[in-house]
$ cat structure-v8.pdb   # PDB, C-alpha atoms and all ligand atoms
ATOM      1  CA  MET D1368     110.036 103.715-184.232
ATOM      2  CA  GLU D1369     109.205 106.414-181.659
ATOM      3  CA  PHE D1370     108.489 105.219-178.128
ATOM      4  CA  THR D1371     106.982 107.114-175.220
ATOM      5  CA  LYS D1372     108.352 106.178-171.814
ATOM      6  CA  THR D1373     106.067 104.771-169.152
ATOM      7  CA  PRO D1374     104.729 107.715-167.090
ATOM      8  CA  GLY D1375     106.944 108.378-164.076
ATOM      9  CA  TRP D1376     109.882 106.503-165.606
ATOM     10  CA  LEU D1377     113.201 107.331-163.915
ATOM     11  CA  ASP D1378     116.153 107.570-166.292
ATOM     12  CA  TRP D1379     119.543 106.184-165.299
ATOM     13  CA  TYR D1380     121.838 108.479-163.339
ATOM     14  CA  ALA D1381     124.085 110.551-165.576
ATOM     15  CA  GLY D1382     127.549 111.457-164.278
ATOM     16  CA  PRO D1383     127.968 108.810-161.533
ATOM     17  CA  SER D1384     130.695 109.394-158.960
ATOM     18  CA  LYS D1385     133.942 107.444-158.865
ATOM     19  CA  PRO D1386     133.595 104.655-156.308
ATOM     20  CA  ARG D1387     135.817 104.930-153.271
ATOM     21  CA  PHE D1388     135.918 101.128-153.096
ATOM     22  CA  GLN D1389     138.487  99.914-155.571
ATOM     23  CA  LEU D1390     137.206  96.896-157.444
ATOM     24  CA  PRO D1391     139.642  93.985-157.729
ATOM     25  CA  ALA D1392     141.307  93.562-161.115
ATOM     26  CA  GLY D1393     139.084  91.666-163.514
ATOM     27  CA  ALA D1394     135.807  92.441-161.702
ATOM     28  CA  VAL D1395     132.605  91.486-163.528
ATOM     29  CA  ASP D1396     129.344  93.443-163.425
ATOM     30  CA  ALA D1397     127.237  90.279-163.595
ATOM     31  CA  HIS D1398     123.788  91.851-163.882
ATOM     32  CA  CYS D1399     123.063  94.756-166.189
ATOM     33  CA  HIS D1400     120.875  95.466-169.192
ATOM     34  CA  VAL D1401     120.674  97.426-172.413
ATOM     35  CA  PHE D1402     117.467  99.131-173.545
ATOM     36  CA  GLY D1403     117.259  99.693-177.302
ATOM     37  CA  PRO D1404     117.981 102.303-178.440
ATOM     38  CA  GLY D1405     114.324 101.941-179.391
ATOM     39  CA  GLU D1406     114.893 103.343-182.850
ATOM     40  CA  GLN D1407     117.419 100.631-183.676
ATOM     41  CA  PHE D1408     116.080  97.808-181.491
ATOM     42  CA  PRO D1409     112.334  98.332-180.997
ATOM     43  CA  PHE D1410     110.812  97.334-177.686
ATOM     44  CA  ALA D1411     108.592  94.242-177.750
ATOM     45  CA  PRO D1412     104.834  94.610-178.282
ATOM     46  CA  GLU D1413     104.130  92.433-175.220
ATOM     47  CA  ARG D1414     106.291  94.580-172.876
ATOM     48  CA  LYS D1415     104.918  95.765-169.527
ATOM     49  CA  TYR D1416     106.897  99.029-169.491
ATOM     50  CA  THR D1417     108.613 101.331-171.967
ATOM     51  CA  PRO D1418     111.993 102.491-170.694
ATOM     52  CA  CYS D1419     114.388 105.256-171.670
ATOM     53  CA  ASP D1420     117.160 104.223-174.039
ATOM     54  CA  ALA D1421     120.280 102.744-172.454
ATOM     55  CA  SER D1422     122.740 101.776-175.165
ATOM     56  CA  LYS D1423     125.696  99.414-175.226
ATOM     57  CA  ASP D1424     128.103 102.353-175.546
ATOM     58  CA  GLN D1425     126.616 103.950-172.438
ATOM     59  CA  LEU D1426     126.913 100.615-170.627
ATOM     60  CA  PHE D1427     130.559 100.193-171.659
ATOM     61  CA  ALA D1428     131.336 103.785-170.593
ATOM     62  CA  LEU D1429     129.875 103.017-167.152
ATOM     63  CA  ARG D1430     131.879  99.769-166.958
ATOM     64  CA  ASP D1431     135.115 101.668-167.584
ATOM     65  CA  HIS D1432     134.214 104.530-165.264
ATOM     66  CA  LEU D1433     133.412 102.245-162.335
ATOM     67  CA  GLY D1434     136.434 100.003-162.927
ATOM     68  CA  PHE D1435     134.755  96.793-164.062
ATOM     69  CA  ALA D1436     136.486  94.631-166.649
ATOM     70  CA  ARG D1437     133.458  92.792-167.997
ATOM     71  CA  ASN D1438     129.668  92.661-168.103
ATOM     72  CA  VAL D1439     126.963  90.037-168.084
ATOM     73  CA  VAL D1440     124.092  91.556-170.042
ATOM     74  CA  VAL D1441     120.725  90.138-169.029
ATOM     75  CA  GLN D1442     117.894  90.324-171.536
ATOM     76  CA  ALA D1443     115.374  92.866-170.238
ATOM     77  CA  THR D1444     111.692  91.982-170.385
ATOM     78  CA  CYS D1445     110.923  95.121-172.430
ATOM     79  CA  HIS D1446     112.642  93.348-175.342
ATOM     80  CA  GLY D1447     110.625  90.143-174.918
ATOM     81  CA  ALA D1448     112.314  87.217-176.666
ATOM     82  CA  ASP D1449     113.995  89.417-179.281
ATOM     83  CA  ASN D1450     117.569  89.217-178.059
ATOM     84  CA  SER D1451     119.072  91.425-180.767
ATOM     85  CA  ALA D1452     119.954  94.473-178.622
ATOM     86  CA  MET D1453     121.661  92.243-176.035
ATOM     87  CA  VAL D1454     123.464  90.220-178.728
ATOM     88  CA  ASP D1455     124.582  93.432-180.434
ATOM     89  CA  ALA D1456     126.108  94.553-177.129
ATOM     90  CA  LEU D1457     128.002  91.263-176.819
ATOM     91  CA  ALA D1458     129.198  91.539-180.417
ATOM     92  CA  HIS D1459     130.711  94.984-179.770
ATOM     93  CA  SER D1460     132.299  94.168-176.424
ATOM     94  CA  ASN D1461     135.590  92.670-177.638
ATOM     95  CA  GLY D1462     134.769  89.520-175.736
ATOM     96  CA  LYS D1463     134.199  91.490-172.532
ATOM     97  CA  ALA D1464     130.503  90.683-172.254
ATOM     98  CA  ARG D1465     128.454  87.548-172.033
ATOM     99  CA  GLY D1466     124.681  87.333-172.055
ATOM    100  CA  ILE D1467     121.522  85.832-170.645
ATOM    101  CA  ALA D1468     118.727  85.426-173.185
ATOM    102  CA  THR D1469     114.987  84.985-173.170
ATOM    103  CA  VAL D1470     113.785  82.246-175.487
ATOM    104  CA  ARG D1471     110.449  80.643-176.229
ATOM    105  CA  ARG D1472     109.618  77.040-176.935
ATOM    106  CA  GLY D1473     109.766  77.655-180.707
ATOM    107  CA  VAL D1474     113.471  78.557-180.683
ATOM    108  CA  THR D1475     115.444  76.335-183.075
ATOM    109  CA  ASP D1476     118.663  74.500-182.239
ATOM    110  CA  ASN D1477     120.364  76.606-184.841
ATOM    111  CA  GLU D1478     119.204  79.814-183.136
ATOM    112  CA  LEU D1479     120.423  78.512-179.785
ATOM    113  CA  GLN D1480     123.778  77.697-181.336
ATOM    114  CA  GLN D1481     124.019  81.213-182.785
ATOM    115  CA  LEU D1482     123.239  82.696-179.376
ATOM    116  CA  HIS D1483     125.956  80.508-177.894
ATOM    117  CA  GLU D1484     128.475  81.718-180.445
ATOM    118  CA  ALA D1485     127.447  85.303-179.659
ATOM    119  CA  GLY D1486     128.342  84.727-176.000
ATOM    120  CA  VAL D1487     125.029  83.779-174.410
ATOM    121  CA  ARG D1488     125.455  81.398-171.496
ATOM    122  CA  GLY D1489     122.004  81.176-169.967
ATOM    123  CA  VAL D1490     118.294  81.880-170.148
ATOM    124  CA  ARG D1491     116.130  83.806-167.734
ATOM    125  CA  PHE D1492     112.825  82.522-166.383
ATOM    126  CA  ASN D1493     110.795  85.332-164.915
ATOM    127  CA  PHE D1494     108.005  84.760-162.396
ATOM    128  CA  VAL D1495     107.427  88.393-161.445
ATOM    129  CA  LYS D1496     103.872  89.001-162.561
ATOM    130  CA  ARG D1497     104.193  92.749-163.121
ATOM    131  CA  LEU D1498     106.946  92.058-165.706
ATOM    132  CA  VAL D1499     105.791  89.135-167.828
ATOM    133  CA  ASP D1500     102.820  87.031-168.819
ATOM    134  CA  PHE D1501     102.658  83.532-167.410
ATOM    135  CA  THR D1502     104.625  80.812-169.225
ATOM    136  CA  PRO D1503     103.612  77.197-168.506
ATOM    137  CA  LYS D1504     106.183  75.289-166.467
ATOM    138  CA  ASP D1505     106.334  72.448-168.978
ATOM    139  CA  GLU D1506     107.499  74.932-171.616
ATOM    140  CA  LEU D1507     110.186  76.251-169.287
ATOM    141  CA  MET D1508     111.335  72.746-168.359
ATOM    142  CA  GLU D1509     111.570  71.825-172.030
ATOM    143  CA  ILE D1510     113.731  74.902-172.676
ATOM    144  CA  ALA D1511     115.900  74.098-169.639
ATOM    145  CA  GLY D1512     116.520  70.599-170.978
ATOM    146  CA  ARG D1513     117.592  71.962-174.340
ATOM    147  CA  ILE D1514     119.918  74.667-173.048
ATOM    148  CA  ALA D1515     121.498  72.256-170.560
ATOM    149  CA  ARG D1516     123.136  70.552-173.525
ATOM    150  CA  LEU D1517     124.953  73.800-174.321
ATOM    151  CA  GLY D1518     126.303  74.005-170.783
ATOM    152  CA  TRP D1519     124.131  77.066-170.050
ATOM    153  CA  HIS D1520     122.373  77.852-166.794
ATOM    154  CA  VAL D1521     118.967  79.220-165.810
ATOM    155  CA  VAL D1522     118.489  82.587-164.114
ATOM    156  CA  ILE D1523     115.286  82.788-162.082
ATOM    157  CA  TYR D1524     113.528  85.968-161.005
ATOM    158  CA  PHE D1525     110.797  85.598-158.407
ATOM    159  CA  GLU D1526     109.540  87.226-155.226
ATOM    160  CA  ALA D1527     110.166  85.678-151.803
ATOM    161  CA  GLN D1528     106.539  84.841-151.084
ATOM    162  CA  ASP D1529     106.394  82.683-154.236
ATOM    163  CA  LEU D1530     109.320  80.393-153.376
ATOM    164  CA  PRO D1531     107.209  77.689-151.651
ATOM    165  CA  GLU D1532     105.067  77.268-154.766
ATOM    166  CA  LEU D1533     108.084  77.291-157.110
ATOM    167  CA  TRP D1534     110.359  75.111-154.958
ATOM    168  CA  ASP D1535     109.674  71.796-156.718
ATOM    169  CA  PHE D1536     109.981  73.254-160.176
ATOM    170  CA  PHE D1537     113.271  74.958-159.343
ATOM    171  CA  SER D1538     114.537  71.733-157.751
ATOM    172  CA  GLU D1539     114.020  69.858-161.004
ATOM    173  CA  LEU D1540     116.004  72.244-163.193
ATOM    174  CA  PRO D1541     118.854  70.258-164.743
ATOM    175  CA  THR D1542     121.408  73.086-164.824
ATOM    176  CA  ASP D1543     123.099  75.547-162.525
ATOM    177  CA  VAL D1544     120.472  78.003-161.324
ATOM    178  CA  VAL D1545     121.086  81.654-160.460
ATOM    179  CA  ILE D1546     118.591  83.524-158.298
ATOM    180  CA  ASP D1547     118.133  87.175-159.175
ATOM    181  CA  HIS D1548     118.293  89.777-156.427
ATOM    182  CA  MET D1549     118.347  87.271-153.540
ATOM    183  CA  GLY D1550     114.815  86.185-154.398
ATOM    184  CA  ARG D1551     113.595  89.661-153.440
ATOM    185  CA  PRO D1552     113.381  89.334-149.654
ATOM    186  CA  ASP D1553     111.085  91.599-147.688
ATOM    187  CA  VAL D1554     113.801  93.367-145.686
ATOM    188  CA  THR D1555     111.323  94.687-143.137
ATOM    189  CA  GLN D1556     111.204  91.099-141.852
ATOM    190  CA  SER D1557     113.997  89.690-139.736
ATOM    191  CA  VAL D1558     117.032  88.233-141.460
ATOM    192  CA  ASP D1559     116.454  85.308-139.071
ATOM    193  CA  GLY D1560     112.772  85.051-139.992
ATOM    194  CA  PRO D1561     111.066  82.156-141.788
ATOM    195  CA  GLU D1562     110.870  83.715-145.233
ATOM    196  CA  PHE D1563     114.584  84.350-145.616
ATOM    197  CA  ALA D1564     115.360  81.062-143.865
ATOM    198  CA  LEU D1565     113.572  79.314-146.707
ATOM    199  CA  LEU D1566     115.853  80.907-149.300
ATOM    200  CA  LEU D1567     118.936  79.891-147.323
ATOM    201  CA  LYS D1568     117.542  76.372-146.973
ATOM    202  CA  PHE D1569     116.926  76.249-150.706
ATOM    203  CA  MET D1570     120.551  77.174-151.404
ATOM    204  CA  ARG D1571     121.828  74.776-148.739
ATOM    205  CA  GLU D1572     119.874  71.851-150.179
ATOM    206  CA  HIS D1573     120.752  72.622-153.790
ATOM    207  CA  PRO D1574     124.481  72.996-154.427
ATOM    208  CA  ASN D1575     123.760  73.992-158.032
ATOM    209  CA  VAL D1576     121.957  77.162-156.909
ATOM    210  CA  TRP D1577     123.679  80.557-156.843
ATOM    211  CA  SER D1578     122.384  83.997-155.880
ATOM    212  CA  LYS D1579     122.989  87.508-157.102
ATOM    213  CA  VAL D1580     123.368  89.739-154.064
ATOM    214  CA  THR D1581     122.095  92.650-156.071
ATOM    215  CA  CYS D1582     119.521  95.416-156.072
ATOM    216  CA  PRO D1583     119.659  96.924-152.597
ATOM    217  CA  GLU D1584     118.102  99.988-154.233
ATOM    218  CA  ARG D1585     114.988  97.920-155.044
ATOM    219  CA  LEU D1586     114.756  96.094-151.746
ATOM    220  CA  SER D1587     115.557  98.824-149.251
ATOM    221  CA  THR D1588     112.696 100.491-147.446
ATOM    222  CA  SER D1589     114.625 102.700-145.035
ATOM    223  CA  GLY D1590     117.640 103.631-147.155
ATOM    224  CA  PRO D1591     119.476 105.903-147.143
ATOM    225  CA  PRO D1592     119.726 105.897-150.945
ATOM    226  CA  ALA D1593     123.042 105.824-152.798
ATOM    227  CA  LEU D1594     122.929 109.520-153.590
ATOM    228  CA  GLN D1595     124.734 112.696-152.599
ATOM    229  CA  GLY D1596     127.908 111.057-151.393
ATOM    230  CA  GLU D1597     126.173 108.413-149.233
ATOM    231  CA  ARG D1598     128.588 105.501-148.797
ATOM    232  CA  ASP D1599     126.500 103.679-146.200
ATOM    233  CA  ALA D1600     123.467 103.255-148.360
ATOM    234  CA  TYR D1601     120.662 100.717-147.931
ATOM    235  CA  VAL D1602     121.712  99.553-144.482
ATOM    236  CA  ASP D1603     118.515  97.515-144.087
ATOM    237  CA  VAL D1604     119.589  95.247-146.970
ATOM    238  CA  VAL D1605     123.129  94.660-145.715
ATOM    239  CA  PRO D1606     122.383  91.798-143.246
ATOM    240  CA  PHE D1607     120.541  89.812-145.930
ATOM    241  CA  ALA D1608     123.230  90.120-148.572
ATOM    242  CA  ARG D1609     126.024  89.553-146.071
ATOM    243  CA  ARG D1610     124.385  86.396-144.779
ATOM    244  CA  ILE D1611     124.308  84.892-148.285
ATOM    245  CA  VAL D1612     127.860  85.988-149.136
ATOM    246  CA  GLU D1613     129.229  84.494-145.916
ATOM    247  CA  GLU D1614     127.381  81.207-146.101
ATOM    248  CA  PHE D1615     127.816  80.654-149.849
ATOM    249  CA  PRO D1616     130.973  82.571-150.813
ATOM    250  CA  ASP D1617     131.523  80.464-153.940
ATOM    251  CA  ARG D1618     127.984  80.839-155.272
ATOM    252  CA  VAL D1619     127.358  84.575-155.260
ATOM    253  CA  LEU D1620     127.481  87.228-157.976
ATOM    254  CA  TRP D1621     127.203  91.006-157.951
ATOM    255  CA  GLY D1622     125.988  93.463-160.562
ATOM    256  CA  THR D1623     124.905  97.060-160.856
ATOM    257  CA  ASP D1624     121.481  96.325-162.415
ATOM    258  CA  TRP D1625     122.110  99.399-164.578
ATOM    259  CA  PRO D1626     119.976 101.033-166.009
ATOM    260  CA  HIS D1627     117.732 100.011-163.082
ATOM    261  CA  PRO D1628     114.341  99.383-164.706
ATOM    262  CA  ASN D1629     111.154 100.364-162.910
ATOM    263  CA  LEU D1630     112.558 102.165-159.903
ATOM    264  CA  LYS D1631     109.876 104.376-158.457
ATOM    265  CA  ASN D1632     111.351 106.661-155.867
ATOM    266  CA  HIS D1633     114.975 107.354-156.739
ATOM    267  CA  MET D1634     117.705 106.451-159.189
ATOM    268  CA  PRO D1635     120.996 105.509-157.520
ATOM    269  CA  ASP D1636     124.403 106.943-158.335
ATOM    270  CA  ASP D1637     126.133 103.788-159.608
ATOM    271  CA  GLY D1638     129.487 104.877-158.167
ATOM    272  CA  LEU D1639     127.958 104.904-154.701
ATOM    273  CA  LEU D1640     126.272 101.578-155.399
ATOM    274  CA  VAL D1641     129.730 100.052-155.869
ATOM    275  CA  ASP D1642     130.573 101.406-152.415
ATOM    276  CA  PHE D1643     127.846  99.116-151.065
ATOM    277  CA  ILE D1644     129.977  96.053-151.927
ATOM    278  CA  PRO D1645     132.466  96.136-149.020
ATOM    279  CA  HIS D1646     129.545  96.230-146.570
ATOM    280  CA  ILE D1647     128.305  92.856-147.818
ATOM    281  CA  ALA D1648     131.617  91.221-148.787
ATOM    282  CA  THR D1649     133.831  92.344-145.985
ATOM    283  CA  THR D1650     137.210  90.793-146.787
ATOM    284  CA  PRO D1651     139.423  90.931-149.881
ATOM    285  CA  GLU D1652     138.939  87.189-150.313
ATOM    286  CA  LEU D1653     135.137  87.401-150.257
ATOM    287  CA  GLN D1654     135.307  90.368-152.619
ATOM    288  CA  ARG D1655     137.540  88.507-155.059
ATOM    289  CA  LYS D1656     135.212  85.520-155.111
ATOM    290  CA  LEU D1657     132.098  87.659-155.519
ATOM    291  CA  LEU D1658     133.462  89.929-158.205
ATOM    292  CA  VAL D1659     136.053  87.870-160.088
ATOM    293  CA  ASP D1660     136.339  84.137-159.379
ATOM    294  CA  ASN D1661     132.647  83.257-159.288
ATOM    295  CA  PRO D1662     131.503  85.146-162.393
ATOM    296  CA  MET D1663     134.569  83.986-164.305
ATOM    297  CA  ARG D1664     133.839  80.377-163.384
ATOM    298  CA  LEU D1665     130.247  80.683-164.540
ATOM    299  CA  TYR D1666     130.612  82.899-167.607
ATOM    300  CA  TRP D1667     134.199  82.511-168.848
ATOM    301  CA  PRO D1668     135.097  79.017-167.607
ATOM    302  CA  GLU D1669     137.622  78.611-170.403
ATOM    303  CA  GLU D1670     139.621  81.528-168.943
ATOM    304  CA  HIS D1671     138.990  80.953-165.291
ATOM    305  CA  ILE D1672     142.058  80.155-163.230
ATOM    306  CA  ALA D1673     141.415  79.810-159.515
ATOM    307  CA  ALA D1674     143.694  81.841-157.303
ATOM    308  CA  PRO D1675     146.324  79.730-155.501
ATOM    309  CA  GLY D1676     144.711  77.964-152.573
ATOM    310  CA  ALA D1677     141.220  79.047-153.616
ATOM    311  CA  LYS D1678     138.471  76.462-153.702
ATOM    312  CA  SER D1679     136.523  76.641-156.916
TER     313      SER D1679
HETATM  314  O1  LIG D1701     114.029  92.556-167.328
HETATM  315  C1  LIG D1701     113.413  93.409-166.642
HETATM  316  O2  LIG D1701     112.463  94.046-167.087
HETATM  317  C2  LIG D1701     113.822  93.610-165.259
HETATM  318  C3  LIG D1701     112.985  94.258-164.369
HETATM  319  C4  LIG D1701     113.318  94.338-163.070
HETATM  320  C5  LIG D1701     112.388  94.868-162.087
HETATM  321  O3  LIG D1701     111.525  95.649-162.475
HETATM  322  O4  LIG D1701     112.514  94.466-160.920
HETATM  323  O5  LIG D1701     114.502  93.869-162.612
HETATM  324  C6  LIG D1701     115.388  93.280-163.454
HETATM  325  O6  LIG D1701     116.458  92.841-163.004
HETATM  326  C7  LIG D1701     115.031  93.157-164.810
END
$ encode --input "structure-v8.pdb" --output "structure tokens"
Amino acid sequence: MEFTKTPGWLDWYAGPSKPRFQLPAGAVDAHCHVFGPGEQFPFAPERKYTPCDASKDQLFALRDHLGFARNVVVQATCHGADNSAMVDALAHSNGKARGIATVRRGVTDNELQQLHEAGVRGVRFNFVKRLVDFTPKDELMEIAGRIARLGWHVVIYFEAQDLPELWDFFSELPTDVVIDHMGRPDVTQSVDGPEFALLLKFMREHPNVWSKVTCPERLSTSGPPALQGERDAYVDVVPFARRIVEEFPDRVLWGTDWPHPNLKNHMPDDGLLVDFIPHIATTPELQRKLLVDNPMRLYWPEEHIAAPGAKS
């Protein structure tokens, strides 16, 4: 099937630079996507955008170029609840990728088991209105109860202003819960302000809640962007991400977010995006937890061995 990209769509950055920051051995890119290719894996009829293609081979080439060992491939909303492109990526990864799926209430136990065998370890609940239609909370809670039995977790994507309304629902989830992109803080507000304080309080009160300290390129308003050699990119996002990493070092994850759906004003050079990491995780120990220990514990628990003396 032929697809026409959403007008103004920005394609992923070809030819990214080599990061100057050397990732620790075994680092996991814990948030990335595949798109299609549309001809092989058609985009879902209910999608809110039509992206460029971003194949598993292109994702694996980026992984190797940047120095990551593994990926966590998160089902993108443009594929709806058809997880086949994501599952195909896992199947061709030699065990180096795990996945987060989107499922609906009608999913059978057998289908869930097949997803598990393919390497899926969680589902994503999306509350960002520009990306998905509304799903009733009772449907989501029913799904959460079923996937809990597989030892999976729930990834939640929401915007900061919606946390008060979602607080009770999130609190009732029976699994580990991973917040996407720090709950999308408004970084023009103070890092000590009430909105971000609520996110920190939520994590403090719920020891099962983790956060991805990802997507500075989406959250930044004053940049500078990770382009043209800029290794101090997105300085306005740094205090927010650093605050989470330092308070919850054992419950944070990092990922590229490649191929960066729906960016409007620039597409980052992923090599320079990796150079953002040491600004938010400032010691080798914090970096190892963020990039290796934490994602391994969540996604490859059967292989995870805590470093000597490390709390896990
Ligand atoms: O699944 C997606 O479509 C999606 C979109 C966005 C975004 O547009 O913010 O971010 C993501 O991490 C994933």
$ resolve_selection --input "structure-v8.pdb" --expression "the PyMOL selection byres (((chain D and resi 1525) around 6) and not hetatm)" --output "list in words"
Phe1494, Val1495, Tyr1524, Glu1526 and Gly1550 of chain D
$ closest_residue --input "structure-v8.pdb" --among "D:Pro1531, D:Gly1434, D:Gly1518, D:Pro1626" --to "Ser1422 in chain D" --atoms "all atoms listed in the file"
D:Pro1626
$ residues_near_point --input "structure-v8.pdb" --point "(115.1, 103.2, -141.5)" --cutoff "9 Å" --atoms "only C-alpha atoms" --output "PyMOL selection string"
chain D and resi 1587-1591+1601-1603
$ closest_atom_pairs --input "structure-v8.pdb" --of "range 1558-1613 of chain D" --to "range 1639-1644 of chain D" --cutoff "12 Å" --atoms "only C-alpha atoms" --output "JSON lines"
{"residue": "D:Val1580", "atom": "CA", "partner": "D:Ile1644", "partner_atom": "CA", "distance": 9.4}
{"residue": "D:Thr1581", "atom": "CA", "partner": "D:Ile1644", "partner_atom": "CA", "distance": 9.5}
{"residue": "D:Cys1582", "atom": "CA", "partner": "D:Leu1640", "partner_atom": "CA", "distance": 9.2}
{"residue": "D:Pro1583", "atom": "CA", "partner": "D:Leu1640", "partner_atom": "CA", "distance": 8.6}
{"residue": "D:Glu1584", "atom": "CA", "partner": "D:Leu1640", "partner_atom": "CA", "distance": 8.4}
{"residue": "D:Arg1585", "atom": "CA", "partner": "D:Leu1640", "partner_atom": "CA", "distance": 11.9}
{"residue": "D:Gly1590", "atom": "CA", "partner": "D:Phe1643", "partner_atom": "CA", "distance": 11.8}
{"residue": "D:Pro1591", "atom": "CA", "partner": "D:Leu1639", "partner_atom": "CA", "distance": 11.4}
{"residue": "D:Pro1592", "atom": "CA", "partner": "D:Leu1640", "partner_atom": "CA", "distance": 9.0}
{"residue": "D:Ala1593", "atom": "CA", "partner": "D:Leu1639", "partner_atom": "CA", "distance": 5.4}
{"residue": "D:Leu1594", "atom": "CA", "partner": "D:Leu1639", "partner_atom": "CA", "distance": 6.9}
{"residue": "D:Gln1595", "atom": "CA", "partner": "D:Leu1639", "partner_atom": "CA", "distance": 8.7}
{"residue": "D:Gly1596", "atom": "CA", "partner": "D:Leu1639", "partner_atom": "CA", "distance": 7.0}
{"residue": "D:Glu1597", "atom": "CA", "partner": "D:Leu1639", "partner_atom": "CA", "distance": 6.7}
{"residue": "D:Arg1598", "atom": "CA", "partner": "D:Asp1642", "partner_atom": "CA", "distance": 5.8}
{"residue": "D:Asp1599", "atom": "CA", "partner": "D:Phe1643", "partner_atom": "CA", "distance": 6.8}
{"residue": "D:Ala1600", "atom": "CA", "partner": "D:Phe1643", "partner_atom": "CA", "distance": 6.6}
{"residue": "D:Tyr1601", "atom": "CA", "partner": "D:Phe1643", "partner_atom": "CA", "distance": 8.0}
{"residue": "D:Val1602", "atom": "CA", "partner": "D:Phe1643", "partner_atom": "CA", "distance": 9.0}
{"residue": "D:Asp1603", "atom": "CA", "partner": "D:Phe1643", "partner_atom": "CA", "distance": 11.8}
{"residue": "D:Val1604", "atom": "CA", "partner": "D:Phe1643", "partner_atom": "CA", "distance": 10.0}
{"residue": "D:Val1605", "atom": "CA", "partner": "D:Phe1643", "partner_atom": "CA", "distance": 8.4}
{"residue": "D:Ala1608", "atom": "CA", "partner": "D:Ile1644", "partner_atom": "CA", "distance": 9.6}
{"residue": "D:Arg1609", "atom": "CA", "partner": "D:Ile1644", "partner_atom": "CA", "distance": 9.6}
{"residue": "D:Val1612", "atom": "CA", "partner": "D:Ile1644", "partner_atom": "CA", "distance": 10.7}
$ residues_around --input "structure-v8.pdb" --residues "Pro1616 in chain D" --least-positions-apart "4" --cutoff "9 Å" --atoms "all atoms listed in the file" --output "list in words"
Ile1611, Val1612, Ala1648, Leu1653, Lys1656, Leu1657 and Asn1661 of chain D
$ residues_near_ligand --input "structure-v8.pdb" --ligand "ligand LIG 1701 (chain D)" --cutoff "6 Å" --atoms "all atoms listed in the file" --output "JSON, numbers by chain"
{"D": [1443, 1444, 1445, 1628, 1629]}
$ resolve_selection --input "structure-v8.pdb" --expression "the PyMOL selection byres (((chain D and resi 1575) around 10) and not hetatm)" --output "list in words"
His1520, Ser1538, Leu1540, Pro1541, Thr1542, Asp1543, Val1544, Val1545, Met1570, Arg1571, Glu1572, His1573, Pro1574, Val1576, Trp1577 and Arg1618 of chain D
$ residues_near_point --input "structure-v8.pdb" --point "(110.2, 102.8, -172.2)" --cutoff "7 Å" --atoms "all atoms listed in the file" --output "ChimeraX atom specification"
/D:1370-1373,1416-1419
$ build_atoms --input "structure-v8.pdb" --residues "range 1610-1619 of chain D" --atoms "N, CA, C and O atoms" --output "PDB file, keeping the file's coordinate frame"
ATOM      1  N   ARG D1610     124.663  87.769-145.215  1.00  0.00           N
ATOM      2  CA  ARG D1610     124.385  86.396-144.779  1.00  0.00           C
ATOM      3  C   ARG D1610     124.619  85.411-145.943  1.00  0.00           C
ATOM      4  O   ARG D1610     125.223  84.357-145.786  1.00  0.00           O
ATOM      5  N   ILE D1611     124.143  85.777-147.113  1.00  0.00           N
ATOM      6  CA  ILE D1611     124.308  84.892-148.285  1.00  0.00           C
ATOM      7  C   ILE D1611     125.782  84.818-148.685  1.00  0.00           C
ATOM      8  O   ILE D1611     126.322  83.735-148.948  1.00  0.00           O
ATOM      9  N   VAL D1612     126.438  85.962-148.723  1.00  0.00           N
ATOM     10  CA  VAL D1612     127.860  85.988-149.136  1.00  0.00           C
ATOM     11  C   VAL D1612     128.689  85.130-148.181  1.00  0.00           C
ATOM     12  O   VAL D1612     129.578  84.386-148.611  1.00  0.00           O
ATOM     13  N   GLU D1613     128.389  85.210-146.882  1.00  0.00           N
ATOM     14  CA  GLU D1613     129.229  84.494-145.916  1.00  0.00           C
ATOM     15  C   GLU D1613     128.929  83.003-145.885  1.00  0.00           C
ATOM     16  O   GLU D1613     129.826  82.195-145.690  1.00  0.00           O
ATOM     17  N   GLU D1614     127.671  82.644-146.112  1.00  0.00           N
ATOM     18  CA  GLU D1614     127.381  81.207-146.101  1.00  0.00           C
ATOM     19  C   GLU D1614     127.720  80.520-147.430  1.00  0.00           C
ATOM     20  O   GLU D1614     128.102  79.345-147.454  1.00  0.00           O
ATOM     21  N   PHE D1615     127.597  81.262-148.517  1.00  0.00           N
ATOM     22  CA  PHE D1615     127.816  80.654-149.849  1.00  0.00           C
ATOM     23  C   PHE D1615     128.818  81.476-150.656  1.00  0.00           C
ATOM     24  O   PHE D1615     128.498  81.974-151.747  1.00  0.00           O
ATOM     25  N   PRO D1616     130.038  81.639-150.157  1.00  0.00           N
ATOM     26  CA  PRO D1616     130.973  82.571-150.813  1.00  0.00           C
ATOM     27  C   PRO D1616     131.325  82.189-152.241  1.00  0.00           C
ATOM     28  O   PRO D1616     131.722  83.052-153.024  1.00  0.00           O
ATOM     29  N   ASP D1617     131.150  80.913-152.584  1.00  0.00           N
ATOM     30  CA  ASP D1617     131.523  80.464-153.940  1.00  0.00           C
ATOM     31  C   ASP D1617     130.344  80.423-154.892  1.00  0.00           C
ATOM     32  O   ASP D1617     130.473  79.956-156.020  1.00  0.00           O
ATOM     33  N   ARG D1618     129.187  80.895-154.422  1.00  0.00           N
ATOM     34  CA  ARG D1618     127.984  80.839-155.272  1.00  0.00           C
ATOM     35  C   ARG D1618     127.245  82.163-155.291  1.00  0.00           C
ATOM     36  O   ARG D1618     126.019  82.195-155.322  1.00  0.00           O
ATOM     37  N   VAL D1619     127.991  83.256-155.236  1.00  0.00           N
ATOM     38  CA  VAL D1619     127.358  84.575-155.260  1.00  0.00           C
ATOM     39  C   VAL D1619     127.948  85.426-156.384  1.00  0.00           C
ATOM     40  O   VAL D1619     129.111  85.270-156.760  1.00  0.00           O
TER      41      VAL D1619
END
